>>> print(open('run.cif').read())   # mmCIF, C-alpha atoms
data_start
#
loop_
_atom_site.label_atom_id
_atom_site.label_comp_id
_atom_site.auth_asym_id
_atom_site.auth_seq_id
_atom_site.Cartn_x
_atom_site.Cartn_y
_atom_site.Cartn_z
CA MET A 216 8.93 48.81 34.80
CA ASN A 217 10.95 45.64 34.43
CA ASN A 218 12.15 43.59 37.39
CA ILE A 219 14.14 46.41 38.98
CA LYS A 220 15.51 45.78 42.46
CA TYR A 221 16.62 48.72 44.60
CA THR A 222 19.39 48.31 47.14
CA GLN A 223 21.00 50.78 49.50
CA ALA A 224 24.72 50.57 48.78
CA THR A 225 27.20 49.20 51.27
CA THR A 226 30.94 48.81 50.90
CA GLU A 227 30.16 45.48 49.22
CA HIS A 228 28.93 47.54 46.25
CA LEU A 229 32.18 49.45 45.67
CA GLU A 230 32.69 48.25 42.11
CA ASP A 231 29.18 49.29 41.04
CA LEU A 232 29.61 52.69 42.71
CA ILE A 233 33.01 53.30 41.15
CA LEU A 234 31.97 52.09 37.70
CA SER A 235 28.76 54.13 37.67
CA ARG A 236 30.54 57.31 38.77
CA ILE A 237 33.15 56.90 36.04
CA ASP A 238 30.46 56.09 33.47
CA PHE A 239 28.47 59.17 34.52
CA MET A 240 31.51 61.46 34.40
CA THR A 241 32.55 60.05 31.02
CA SER A 242 29.08 60.56 29.57
CA TYR A 243 29.09 64.13 30.89
CA TRP A 244 32.67 65.20 30.09
CA GLY A 245 33.70 62.69 27.43
CA ALA A 246 36.51 60.16 27.41
CA GLN A 247 39.42 60.89 29.73
CA PRO A 248 43.06 59.75 29.74
CA ASP A 249 43.70 56.38 31.37
CA THR A 250 45.82 58.03 34.05
CA SER A 251 42.88 60.24 35.05
CA VAL A 252 40.52 57.27 35.17
CA ARG A 253 42.96 55.28 37.33
CA GLN A 254 43.41 58.21 39.71
CA LEU A 255 39.66 58.77 39.97
CA ARG A 256 39.06 55.05 40.56
CA MET A 257 41.53 55.09 43.47
CA GLU A 258 40.06 58.27 44.99
CA LEU A 259 36.50 56.96 44.66
CA ARG A 260 37.41 53.69 46.39
CA GLU A 261 38.92 55.59 49.32
CA PHE A 262 35.94 57.95 49.49
CA PHE A 263 33.28 55.23 49.47
CA GLU A 264 35.21 53.01 51.90
CA ARG A 265 35.45 55.93 54.34
CA GLU A 266 32.06 57.60 53.91
CA ILE A 267 29.56 54.73 53.54
CA PRO A 268 30.15 53.19 57.00
CA LEU A 269 29.80 56.66 58.56
CA LYS A 270 26.49 57.21 56.71
CA THR A 271 27.89 60.46 55.33
CA TYR A 272 27.50 59.11 51.80
CA ILE A 273 24.28 57.30 50.96
CA SER A 274 23.67 55.63 47.62
CA TRP A 275 20.84 53.63 46.11
CA LEU A 276 21.42 51.21 43.26
CA ALA A 277 18.91 49.87 40.77
CA HIS A 278 19.59 46.47 39.20
CA GLU A 279 17.76 44.31 36.72
CA GLY A 280 19.16 40.92 37.53
CA GLU A 281 22.92 41.36 37.66
CA LYS A 282 22.87 44.40 35.37
CA LEU A 283 23.26 47.85 36.92
CA ALA A 284 20.40 50.03 35.68
CA GLY A 285 20.86 53.21 37.68
CA VAL A 286 22.39 54.86 40.70
CA GLY A 287 22.09 57.96 42.80
CA GLY A 288 23.91 59.22 45.85
CA MET A 289 24.04 61.98 48.39
CA LYS A 290 26.68 63.44 50.64
CA VAL A 291 25.25 64.10 54.09
CA TYR A 292 26.82 66.86 56.12
CA GLN A 293 26.13 69.21 58.97
CA ILE A 294 26.71 72.93 59.18
CA PRO A 295 25.89 75.32 62.00
CA GLY A 296 22.10 75.56 62.09
CA ASN A 297 19.96 78.45 60.96
CA PHE A 298 16.31 79.47 61.41
CA ARG A 299 15.03 77.21 58.62
CA VAL A 300 17.28 74.22 59.34
CA PRO A 301 18.11 74.48 63.05
CA ASN A 302 20.00 71.18 63.16
CA GLY A 303 22.12 72.17 60.13
CA MET A 304 21.70 68.71 58.57
CA MET A 305 21.96 68.92 54.79
CA ALA A 306 22.59 66.61 51.86
CA TYR A 307 23.88 67.17 48.38
CA ILE A 308 22.39 64.78 45.83
CA LEU A 309 24.79 63.77 43.09
CA ASN A 310 25.80 61.00 40.73
CA MET A 311 22.27 60.45 39.52
CA TYR A 312 22.76 58.23 36.51
CA THR A 313 20.46 55.87 34.66
CA TYR A 314 22.05 53.71 32.00
CA PRO A 315 20.64 54.37 28.51
CA ASP A 316 18.79 51.03 28.16
CA PHE A 317 16.85 51.79 31.35
CA ARG A 318 15.90 55.45 30.89
CA ASN A 319 12.30 56.69 31.05
CA GLN A 320 11.20 53.85 33.32
CA GLY A 321 10.97 55.82 36.59
CA ILE A 322 14.27 54.57 37.99
CA ALA A 323 15.73 58.02 38.72
CA THR A 324 12.42 59.11 40.26
CA GLU A 325 12.45 56.11 42.59
CA ILE A 326 16.10 56.63 43.54
CA VAL A 327 15.51 60.30 44.38
CA LYS A 328 12.51 59.31 46.51
CA ARG A 329 14.61 56.77 48.40
CA LEU A 330 17.49 59.22 48.88
CA VAL A 331 15.16 61.83 50.37
CA GLU A 332 13.48 59.27 52.63
CA THR A 333 16.83 57.93 53.84
CA GLY A 334 18.10 61.47 54.40
CA GLN A 335 15.03 62.36 56.44
CA GLU A 336 15.64 59.28 58.62
CA LEU A 337 19.13 60.67 59.29
CA GLY A 338 17.74 64.09 60.22
CA VAL A 339 18.46 65.83 56.92
CA ARG A 340 16.19 68.82 56.41
CA LEU A 341 17.63 70.44 53.29
CA PHE A 342 18.57 68.74 50.02
CA ASP A 343 20.59 70.51 47.31
CA LEU A 344 21.61 69.39 43.84
CA HIS A 345 22.66 70.58 40.44
CA ALA A 346 20.73 69.17 37.51
CA THR A 347 21.33 68.44 33.89
CA LYS A 348 18.52 69.47 31.53
CA ALA A 349 17.55 65.80 31.23
CA GLY A 350 17.35 65.48 35.02
CA GLU A 351 15.32 68.61 35.74
CA PRO A 352 11.87 66.95 35.31
CA VAL A 353 12.79 64.24 37.83
CA TYR A 354 13.73 66.79 40.50
CA LEU A 355 10.81 69.11 39.84
CA LYS A 356 8.45 66.13 40.12
CA ALA A 357 10.06 65.28 43.48
CA GLY A 358 9.34 68.77 44.83
CA PHE A 359 12.68 70.46 44.27
CA LYS A 360 12.56 74.12 43.31
CA LEU A 361 14.96 76.28 41.37
CA HIS A 362 16.77 78.35 43.96
CA ASP A 363 18.15 81.84 43.41
CA GLU A 364 21.80 80.84 44.01
CA PRO A 365 21.12 79.00 41.44
CA SER A 366 20.57 75.51 42.74
CA TYR A 367 17.66 73.19 43.28
CA ARG A 368 16.55 72.89 46.85
CA LYS A 369 13.97 70.95 48.80
CA LEU A 370 13.19 72.00 52.35
CA ILE A 371 11.48 69.42 54.55
CA LEU A 372 9.44 71.11 57.28
#
>>> encode(input="run.cif", output="structure tokens")
Amino acid sequence: MNNIKYTQATTEHLEDLILSRIDFMTSYWGAQPDTSVRQLRMELREFFEREIPLKTYISWLAHEGEKLAGVGGMKVYQIPGNFRVPNGMMAYILNMYTYPDFRNQGIATEIVKRLVETGQELGVRLFDLHATKAGEPVYLKAGFKLHDEPSYRKLIL
């Protein structure tokens, strides 16, 4: 791997978070009207400014120098507990995106590892996500399993 530096995002990283989310959504759904991009940019700024300080949205960024190489995030939330996850602490992993020049270098694998570790530190016991076909090997390697609902799930006991 090149000189990749991993950083847990703070509100100082808003532009990287917003840009990477828009880039990910554009690569997934195609180009969108400028009005939609502007609206999404505004909503994302409000979301990240609100959620990051509360630690209800966690994101890890990968940079090579000043260039953003990859990103991943998770929304942390709590529901009423159950027998498998008594504390009800869960996280939904999303916005996993590695820029094309940096793919197949282990960046997504490292980001998922860091997200799970950070979630565990916050008491998260259950991680959910939806995967693209390209992302499936990363999640399977990290111990996620195809769930019947269907979703991928990792239970930390």
>>> residues_around(input="run.cif", residues="range 311-315 of chain A", least_positions_apart="4", cutoff="9 Å", atoms="all atoms listed in the file", output="list in words")
Ser235, Arg236, Asp238, Phe239, Ala277, Leu283, Ala284, Gly285, Val286, Gly287, Gly288, Asn319, Ile322, Ala323, Ile326, Val327 and Gly350 of chain A
>>> resolve_selection(input="run.cif", expression="the PyMOL selection byres ((chain A and resi 346) around 12)", output="number ranges by chain")
A: 243, 307-312, 343-345, 347-355, 359-362, 365-368
>>> closest_residue(input="run.cif", among="A:Thr225, A:Glu281, A:Arg253, A:Gln293", to="Pro268 in chain A", atoms="all atoms listed in the file")
A:Thr225
>>> atom_distance(input="run.cif", atom1="CA of Glu325 in chain A", atom2="CA of Tyr221 in chain A")
8.7 Å
>>> resolve_selection(input="run.cif", expression="the PyMOL selection byres ((chain A and resi 341) around 12)", output="PyMOL selection string")
chain A and resi 289-294+296-297+299-308+331-332+334-335+337-340+342-344+358-360+367-372
>>> residues_near_point(input="run.cif", point="(29.6, 46.7, 49.0)", cutoff="12 Å", atoms="all atoms listed in the file", output="list of chain:residue names")
A:Thr222, A:Gln223, A:Ala224, A:Thr225, A:Thr226, A:Glu227, A:His228, A:Leu229, A:Glu230, A:Asp231, A:Leu232, A:Ile233, A:Arg260, A:Phe263, A:Glu264, A:Ile267, A:Pro268, A:Ser274, A:Trp275, A:Leu276
>>> atom_distance(input="run.cif", atom1="CA of Thr241 in chain A", atom2="CA of Glu261 in chain A")
19.9 Å
>>> atom_distance(input="run.cif", atom1="CA of Ile273 in chain A", atom2="CA of Glu336 in chain A")
11.7 Å
>>> decode(input="run.cif", residues="range 268-287 of chain A", atoms="C-alpha atoms", output="PDB file, in the first residue's frame")
ATOM      1  CA  PRO A 268     -20.008  15.767  17.707  1.00  0.00           C
ATOM      2  CA  LEU A 269     -22.639  13.437  19.203  1.00  0.00           C
ATOM      3  CA  LYS A 270     -20.687  10.371  17.986  1.00  0.00           C
ATOM      4  CA  THR A 271     -23.846   9.133  16.280  1.00  0.00           C
ATOM      5  CA  TYR A 272     -22.065   9.281  12.927  1.00  0.00           C
ATOM      6  CA  ILE A 273     -18.519   7.953  12.756  1.00  0.00           C
ATOM      7  CA  SER A 274     -16.387   8.169   9.638  1.00  0.00           C
ATOM      8  CA  TRP A 275     -12.857   7.164   8.740  1.00  0.00           C
ATOM      9  CA  LEU A 276     -10.988   8.828   5.903  1.00  0.00           C
ATOM     10  CA  ALA A 277      -8.012   7.519   3.966  1.00  0.00           C
ATOM     11  CA  HIS A 278      -5.644  10.050   2.390  1.00  0.00           C
ATOM     12  CA  GLU A 279      -2.487   9.780   0.361  1.00  0.00           C
ATOM     13  CA  GLY A 280      -0.921  13.140   0.993  1.00  0.00           C
ATOM     14  CA  GLU A 281      -3.675  15.681   0.404  1.00  0.00           C
ATOM     15  CA  LYS A 282      -5.621  13.379  -1.923  1.00  0.00           C
ATOM     16  CA  LEU A 283      -8.705  11.615  -0.569  1.00  0.00           C
ATOM     17  CA  ALA A 284      -8.350   7.898  -1.320  1.00  0.00           C
ATOM     18  CA  GLY A 285     -11.343   6.412   0.469  1.00  0.00           C
ATOM     19  CA  VAL A 286     -14.000   6.854   3.103  1.00  0.00           C
ATOM     20  CA  GLY A 287     -16.465   4.874   5.133  1.00  0.00           C
TER      21      GLY A 287
END
